[in-house]
Number of protein chains: 2
Amino acid sequence: MLDLLIKSAYLPEKGRPVDVGIRDGIIVDISANIQQEAKYTIHANGKIIFPSFANMHTHISMSLLRGLGADLPLMDWLQKVIWVLEGEFVSPEFVRDGALIGVAEAIRSGTTLFMDMYFFEEAVAEVAKEAGIRAGLGFGILDFPTKVAKSPEEYLKRAKDFIRTFKGEDLLFPVLCPHAVYTCSPETLKKALELAQEEDVYIHTHTAETQQEVEASVENFGKRPVEHLNSLGLLTEKTLMAHVVWTTQEERQLIKESGAKVLHCPESNLKLASGIAPISDYVKAGIHVCLGTDGPASNDNLDMLEELSLMVKLQKGANLDARSMDAKTALKIATEEGFRAVNIKAGKIEVGYEADLILLDPTGPHMQPLYDPIAQLVYSAKSSDIDTVICKGRVLMEKRELKTIDYQEVLFIAQKWKERIENFLRHRIYT
Amino acid sequence: MLDLLIKSAYLPEKGRPVDVGIRDGIIVDISANIQQEAKYTIHANGKIIFPSFANMHTHISMSLLRGLGADLPLMDWLQKVIWVLEGEFVSPEFVRDGALIGVAEAIRSGTTLFMDMYFFEEAVAEVAKEAGIRAGLGFGILDFPTKVAKSPEEYLKRAKDFIRTFKGEDLLFPVLCPHAVYTCSPETLKKALELAQEEDVYIHTHTAETQQEVEASVENFGKRPVEHLNSLGLLTEKTLMAHVVWTTQEERQLIKESGAKVLHCPESNLKLASGIAPISDYVKAGIHVCLGTDGPASNDNLDMLEELSLMVKLQKGANLDARSMDAKTALKIATEEGFRAVNIKAGKIEVGYEADLILLDPTGPHMQPLYDPIAQLVYSAKSSDIDTVICKGRVLMEKRELKTIDYQEVLFIAQKWKERIENFLRHRIYT
């Protein structure tokens with residue numbers, strides 16, 4: 001008995017429709033006509049089957065700050081809008097509610113894994129678990145006090161408790177997030193590394209996002225950010241670095257040799273004027289590259305298909321070379337390479353892989369005629385074409401309807417926070 | 001009696017819902033509660049009202065070649081794929097069928113005007129007229145023979161007949177399209193200018209798309225493309241130049257002084273590795289900038305919302321300055337500036353403007369919470385949020401359903417061409 005049977009989905013690699021059988025969250029059969037019974041059957045009717053997306057860098061609860069301060073320069077945006085609002089509002093309730101909106105959006109756009117980094121990640125865990133989506137729960141570490149802790153020692157102590165609470169979960173896993181080289185001292189970074197190694201968890205951090213960050217790092221430490229992390233021992237196979245826009249050839253070599261991962265966020269890098277990361281060079285150098293959206297306040301959405309389409313076009317345009325990246329590579333980066341970075345065997349439609357996948361409806365006018373499904377996914381499709389989303393064999397969306405989230409609650413909490421935050425802004429900033 | 005009444009649409013500029021009354025294609029009333037009767041009423045229920053988009057540069061019938069040869073360098077893509085297929089297939093039937101798919105896609109993504117350039121534009125006219133969408137029908141002029149004509153003289157003669165046939169139409173207008181400085185001799189360009197001035201029509205051409213084009217122009221004419229056009233008298237208020245990626249400060253001054261328009265196509269420029277046009281510099285210099293998608297084989301869709309979102313982020317990222325462009329400016333470029341370039345009083349939701357508008361459904365998770373409708377249109381929304389599209393007072397789409405196009409026919413012709421073209425490719429290129 002199968003848990004789930006998908007009938008007649010078009011598989012691009014085979015160039016024809018197949019049936020896909022799933023048991024215990026694993027793809028166990030791909031063939032022309034599966035006769036075995038199943039607890040649940042989806043009739044794909046020629047919809048195209050692709051791996052689902054792995055969004056490898058986000059701050060999902062920042063959905064509650066979406067679009068605020070858009071068009072301000074980075075430091076004004078942070079100091080005058082984001083930090084002010086976070087200081088006032090961030091709480092377990094804020095994080096939970098923001099995560100619910102974000103997870104609804106992530107599922108609707110075909111994502112089944114997100115690597116998060118924020119405060120009160122217990123609240124993200126609660127939402128992700130209920131929704132049935134995979135999440136890397138990033139416990140943030142900073143040198144300065146916030147509502148979470150008063151000192152680096154206290155952050156690290158709480159992080160250790162957090163890690164032990166969430167270890168061994170099925171779809172969730174704890175991650176340690178020293179925020180960046182400009183918010184964590186070398187001492188804090190070293191202690192974070194020790195804790196991550198003791199507990200055998202991934203480190204997820206921001207690295208070389210802006211030129212200003214690089215200049216400050218050189219001034220303070222005599223080294224550029226990647227060199228600095230390397231000198232402290234933080235470049236490891238289990239290190240995930242978001243952005244990595246500004247690097248020298250020597251730094252790229254360090255990243256490659258260490259096996260550390262680059263989490264590319266092209267929309268955020270453009271919108272916040274950080275720059276254009278040399279991703280096709282990284283790929284050519286053999287660096288493990290993944291894709292993320294960044295938080296929904298700096299993107300301003302969680303749409304991985306938009307992100308992946310931008311990534312490949314941006315590399316072609318910025319390098320003045322159409323061969324810089326192709327559609328197939330872009331799709332792999334947004335799917336398989338993300339899961340592989342955190343040792344999840346998903347991101348491919350193959351027997352033995354975990355069943356994280358989407359069904360894409362190819363009947364929209366922008367998909368006509370359909371010659372090359374991968375090129376058309378990358379260059380023509382929209383996330384609204386995603387009809388069905390499956391995470392480890394569980395159906396999270398079918399016929400565009402969320403199966404594990406009460407969408408009325410999403411709209412209700414969005415309205416609640418809109419009123420609270422707008423009321424605050426009226427009285428505190430604009431008067 | 002109104003022709004059309006829109007009840008309770010949220011108007012961003014006013015920050016509250018309004019009713020909009022339309023008569024004879026014109027917005028005649030915007031107020032809190034219009035009591036006048038109407039032939040047709042749309043209950044917007046808080047959907048957001050925006051101007052519709054003006055897609056100022058496309059080759060709409062190339063939808064039939066969508067996604068073919070994706071990832072090839074420009075010259076291979078053109079010579080080995082596009083020109084081969086066009087040579088084999090382009091005909092009035094091809095152009096009509098491709099236009100039908102493209103017009104369906106354009107309407108579904110909120111566009112009510114497209115400036116086209118291709119062969120057999122009579123067939124585009126037929127489709128656009130039936131669908132009720134505005135079109136600038138661009139009659140292409142080349143130095144080399146095609147199915148349309150054998151010599152520049154014959155193209156110009158046919159163009160004259162074409163212009164006289166389509167002058168005085170309501171939503172359609174003829175446009176003269178000398179293709180580019182690298183496909184039209186100075187002699188042909190001058191004759192095209194004479195004809196355009198005699199007949200008082202717009203000139204629509206490709207200019208300074210790639211560095212190679214600039215180098216060839218300098219080599220052949222001793223002048224860069226914009227200088228060359230200027231020396232021939234082709235920079236006029238009625239000249240629309242697509243791309244304009246590579247220009248000097250002097251050329252920008254020439255464009256500004258002449259009143260010629262720049263039609264920016266950022267996705268195509270990235271995907272075909274042409275480069276990143278300095279659009280925010282153009283805007284600062286006072287140049288009239290419009291937005292287009294380019295043809296659906298080089299983009300690979302006709303989604304103006306995607307294009308507009310990319311434009312603004314790309315300017316910020318490429319200039320390393322978040323103030324390079326803001327959401328409001330981007331929206332204006334994609335709407336009002338397009339209509340204004342061809343002297344259509346549309347692109348604004350104001351009494352006295354023609355009623356070209358969209359209603360956007362703000363209830364998707366990626367739009368929650370909704371603080372700033374213009375920022376969220378530009379940075380968060382997807383074209384699938386567009387619920388209703390109105391062109392000069394006529395409803396072309398309502399509740400995502402096309403009102404003037406039989407969508408079953410769209411799918412049928414797409415399948416027909418897929419089979420024809422794939423059959424040809426199997427036998428001619430890949431064997």
# chains A, B, ... in the order shown; residues from 1 in each chain; ligands from 1
>>> select_by_dssp(residues="stretch 51-119 of chain A", states="alpha helix (DSSP H)", output="count of residues only")
27
>>> interface_residues(of="chain B", to="chain A", cutoff="6 Å", atoms="only C-alpha atoms", output="ChimeraX atom specification")
/B:67,71,73,105,270-273,275,300-301,313-314,316-317,320-322,326,365-366,368-369,375-376,379-380,414,418
>>> closest_residue(among="B:Gly21, B:Phe50, B:Gly295, B:Ser31", to="B:Thr388", atoms="only C-alpha atoms")
B:Phe50
>>> select_by_dssp(residues="stretch 124-358 of chain B", states="strand (DSSP E)", output="ChimeraX atom specification")
/B:134-141,172-178,203-207,239-243,261-264,288-291,357-358
>>> residues_around(residues="A:Pro186", least_positions_apart="3", cutoff="10 Å", atoms="only C-alpha atoms", output="number ranges by chain")
A: 181-183, 189-192, 221, 228-229, 231-232
>>> residues_around(residues="stretch 238-244 of chain B", least_positions_apart="6", cutoff="7 Å", atoms="only C-alpha atoms", output="ChimeraX atom specification")
/B:57,202-209,260-265,277
>>> residues_around(residues="B:Val214", least_positions_apart="2", cutoff="9 Å", atoms="only C-alpha atoms", output="PDB file with N, CA and C atoms, in the first residue's frame")
ATOM      1  N   ALA B 208      21.022  50.784 -29.905  1.00  0.00           N
ATOM      2  CA  ALA B 208      22.088  50.638 -28.907  1.00  0.00           C
ATOM      3  C   ALA B 208      21.769  49.524 -27.904  1.00  0.00           C
ATOM      4  N   GLU B 209      21.373  48.370 -28.463  1.00  0.00           N
ATOM      5  CA  GLU B 209      20.990  47.237 -27.607  1.00  0.00           C
ATOM      6  C   GLU B 209      22.224  46.538 -27.038  1.00  0.00           C
ATOM      7  N   THR B 210      23.252  46.370 -27.875  1.00  0.00           N
ATOM      8  CA  THR B 210      24.450  45.645 -27.424  1.00  0.00           C
ATOM      9  C   THR B 210      25.718  46.465 -27.706  1.00  0.00           C
ATOM     10  N   GLN B 211      26.788  46.103 -27.022  1.00  0.00           N
ATOM     11  CA  GLN B 211      28.076  46.736 -27.288  1.00  0.00           C
ATOM     12  C   GLN B 211      28.537  46.470 -28.717  1.00  0.00           C
ATOM     13  N   GLN B 212      28.256  45.262 -29.204  1.00  0.00           N
ATOM     14  CA  GLN B 212      28.644  44.898 -30.568  1.00  0.00           C
ATOM     15  C   GLN B 212      27.978  45.822 -31.587  1.00  0.00           C
ATOM     16  N   ALA B 216      29.987  48.172 -34.239  1.00  0.00           N
ATOM     17  CA  ALA B 216      29.751  48.068 -35.678  1.00  0.00           C
ATOM     18  C   ALA B 216      29.316  49.413 -36.250  1.00  0.00           C
ATOM     19  N   SER B 217      28.516  50.145 -35.477  1.00  0.00           N
ATOM     20  CA  SER B 217      28.040  51.446 -35.947  1.00  0.00           C
ATOM     21  C   SER B 217      29.214  52.417 -36.089  1.00  0.00           C
ATOM     22  N   VAL B 218      30.099  52.398 -35.117  1.00  0.00           N
ATOM     23  CA  VAL B 218      31.282  53.274 -35.170  1.00  0.00           C
ATOM     24  C   VAL B 218      32.128  52.885 -36.375  1.00  0.00           C
ATOM     25  N   GLU B 219      32.288  51.595 -36.583  1.00  0.00           N
ATOM     26  CA  GLU B 219      33.115  51.125 -37.691  1.00  0.00           C
ATOM     27  C   GLU B 219      32.504  51.511 -39.041  1.00  0.00           C
ATOM     28  N   LYS B 223      30.071  56.750 -36.275  1.00  0.00           N
ATOM     29  CA  LYS B 223      29.223  57.326 -35.210  1.00  0.00           C
ATOM     30  C   LYS B 223      28.580  56.200 -34.405  1.00  0.00           C
ATOM     31  N   ARG B 224      28.336  56.473 -33.154  1.00  0.00           N
ATOM     32  CA  ARG B 224      27.583  55.531 -32.320  1.00  0.00           C
ATOM     33  C   ARG B 224      26.104  55.569 -32.742  1.00  0.00           C
ATOM     34  N   PRO B 225      25.306  54.539 -32.395  1.00  0.00           N
ATOM     35  CA  PRO B 225      23.936  54.462 -32.932  1.00  0.00           C
ATOM     36  C   PRO B 225      23.081  55.712 -32.698  1.00  0.00           C
ATOM     37  N   TRP B 246      23.456  51.200 -24.304  1.00  0.00           N
ATOM     38  CA  TRP B 246      24.826  51.726 -24.333  1.00  0.00           C
ATOM     39  C   TRP B 246      24.848  53.138 -24.914  1.00  0.00           C
ATOM     40  N   THR B 247      25.012  54.134 -24.041  1.00  0.00           N
ATOM     41  CA  THR B 247      25.028  55.529 -24.507  1.00  0.00           C
ATOM     42  C   THR B 247      26.082  56.330 -23.748  1.00  0.00           C
TER      43      THR B 247
END
>>> residues_around(residues="A:Gly286", least_positions_apart="4", cutoff="10 Å", atoms="only C-alpha atoms", output="JSON list (two decimals) with all heavy atoms, in the first residue's frame")
[["chain", "number", "residue", "atom", "x", "y", "z"],
["A", 252, "ARG", "N", 37.34, 33.23, -2.53],
["A", 252, "ARG", "CA", 36.55, 32.18, -3.20],
["A", 252, "ARG", "C", 37.25, 30.83, -3.04],
["A", 252, "ARG", "O", 36.60, 29.80, -2.84],
["A", 252, "ARG", "CB", 36.37, 32.53, -4.68],
["A", 252, "ARG", "CG", 35.52, 33.77, -4.84],
["A", 252, "ARG", "CD", 35.40, 34.26, -6.27],
["A", 252, "ARG", "NE", 35.02, 35.67, -6.23],
["A", 252, "ARG", "CZ", 34.77, 36.43, -7.29],
["A", 252, "ARG", "NH1", 34.85, 35.93, -8.50],
["A", 252, "ARG", "NH2", 34.44, 37.69, -7.14],
["A", 253, "GLN", "N", 38.57, 30.87, -3.12],
["A", 253, "GLN", "CA", 39.34, 29.65, -2.94],
["A", 253, "GLN", "C", 39.15, 29.09, -1.52],
["A", 253, "GLN", "O", 38.97, 27.88, -1.34],
["A", 253, "GLN", "CB", 40.83, 29.97, -3.23],
["A", 253, "GLN", "CG", 41.72, 28.75, -3.38],
["A", 253, "GLN", "CD", 41.24, 27.80, -4.48],
["A", 253, "GLN", "OE1", 40.63, 28.21, -5.47],
["A", 253, "GLN", "NE2", 41.47, 26.50, -4.27],
["A", 255, "ILE", "N", 36.55, 29.53, 0.41],
["A", 255, "ILE", "CA", 35.18, 28.98, 0.52],
["A", 255, "ILE", "C", 35.13, 27.59, -0.12],
["A", 255, "ILE", "O", 34.64, 26.64, 0.46],
["A", 255, "ILE", "CB", 34.16, 29.92, -0.16],
["A", 255, "ILE", "CG1", 34.13, 31.29, 0.53],
["A", 255, "ILE", "CG2", 32.77, 29.29, -0.15],
["A", 255, "ILE", "CD1", 33.32, 32.35, -0.22],
["A", 256, "LYS", "N", 35.68, 27.52, -1.33],
["A", 256, "LYS", "CA", 35.68, 26.25, -2.06],
["A", 256, "LYS", "C", 36.37, 25.15, -1.24],
["A", 256, "LYS", "O", 35.82, 24.05, -1.06],
["A", 256, "LYS", "CB", 36.40, 26.47, -3.40],
["A", 256, "LYS", "CG", 36.90, 25.24, -4.11],
["A", 256, "LYS", "CD", 35.74, 24.39, -4.64],
["A", 256, "LYS", "CE", 36.26, 23.13, -5.31],
["A", 256, "LYS", "NZ", 35.69, 21.92, -4.71],
["A", 257, "GLU", "N", 37.55, 25.46, -0.72],
["A", 257, "GLU", "CA", 38.32, 24.43, -0.01],
["A", 257, "GLU", "C", 37.64, 23.99, 1.28],
["A", 257, "GLU", "O", 37.73, 22.83, 1.68],
["A", 257, "GLU", "CB", 39.73, 24.94, 0.30],
["A", 257, "GLU", "CG", 40.64, 24.86, -0.93],
["A", 257, "GLU", "CD", 41.92, 25.64, -0.76],
["A", 257, "GLU", "OE1", 42.24, 26.05, 0.39],
["A", 257, "GLU", "OE2", 42.60, 25.84, -1.79],
["A", 259, "GLY", "N", 34.41, 23.90, 1.88],
["A", 259, "GLY", "CA", 33.09, 23.28, 1.70],
["A", 259, "GLY", "C", 31.95, 24.10, 2.28],
["A", 259, "GLY", "O", 30.80, 23.64, 2.33],
["A", 280, "SER", "N", 27.80, 32.95, -10.94],
["A", 280, "SER", "CA", 28.24, 31.99, -11.95],
["A", 280, "SER", "C", 29.73, 31.71, -11.80],
["A", 280, "SER", "O", 30.18, 30.59, -12.06],
["A", 280, "SER", "CB", 27.87, 32.45, -13.36],
["A", 280, "SER", "OG", 28.29, 33.76, -13.58],
["A", 281, "ASP", "N", 30.49, 32.69, -11.32],
["A", 281, "ASP", "CA", 31.91, 32.42, -11.02],
["A", 281, "ASP", "C", 32.03, 31.43, -9.86],
["A", 281, "ASP", "O", 32.88, 30.54, -9.89],
["A", 281, "ASP", "CB", 32.65, 33.72, -10.64],
["A", 281, "ASP", "CG", 32.87, 34.61, -11.85],
["A", 281, "ASP", "OD1", 32.55, 34.19, -12.98],
["A", 281, "ASP", "OD2", 33.33, 35.75, -11.66],
["A", 282, "TYR", "N", 31.20, 31.59, -8.85],
["A", 282, "TYR", "CA", 31.23, 30.65, -7.72],
["A", 282, "TYR", "C", 30.94, 29.23, -8.20],
["A", 282, "TYR", "O", 31.60, 28.27, -7.82],
["A", 282, "TYR", "CB", 30.21, 31.03, -6.65],
["A", 282, "TYR", "CG", 30.46, 32.32, -5.90],
["A", 282, "TYR", "CD1", 29.50, 32.83, -5.03],
["A", 282, "TYR", "CD2", 31.65, 33.03, -6.04],
["A", 282, "TYR", "CE1", 29.70, 34.01, -4.32],
["A", 282, "TYR", "CE2", 31.86, 34.22, -5.33],
["A", 282, "TYR", "CZ", 30.88, 34.70, -4.48],
["A", 282, "TYR", "OH", 31.07, 35.86, -3.78]]
>>> closest_residue(among="B:Leu291, B:Leu396, B:Ile141, B:Val81", to="B:Cys184", atoms="only C-alpha atoms")
B:Ile141
>>> closest_residue(among="A:Ile349, A:Val127, A:Met75, A:Leu254", to="A:Ile22", atoms="only C-alpha atoms")
A:Ile349
>>> atom_distance(atom1="atom CA of B:Ile49", atom2="atom CA of B:Ile358")
5.8 Å
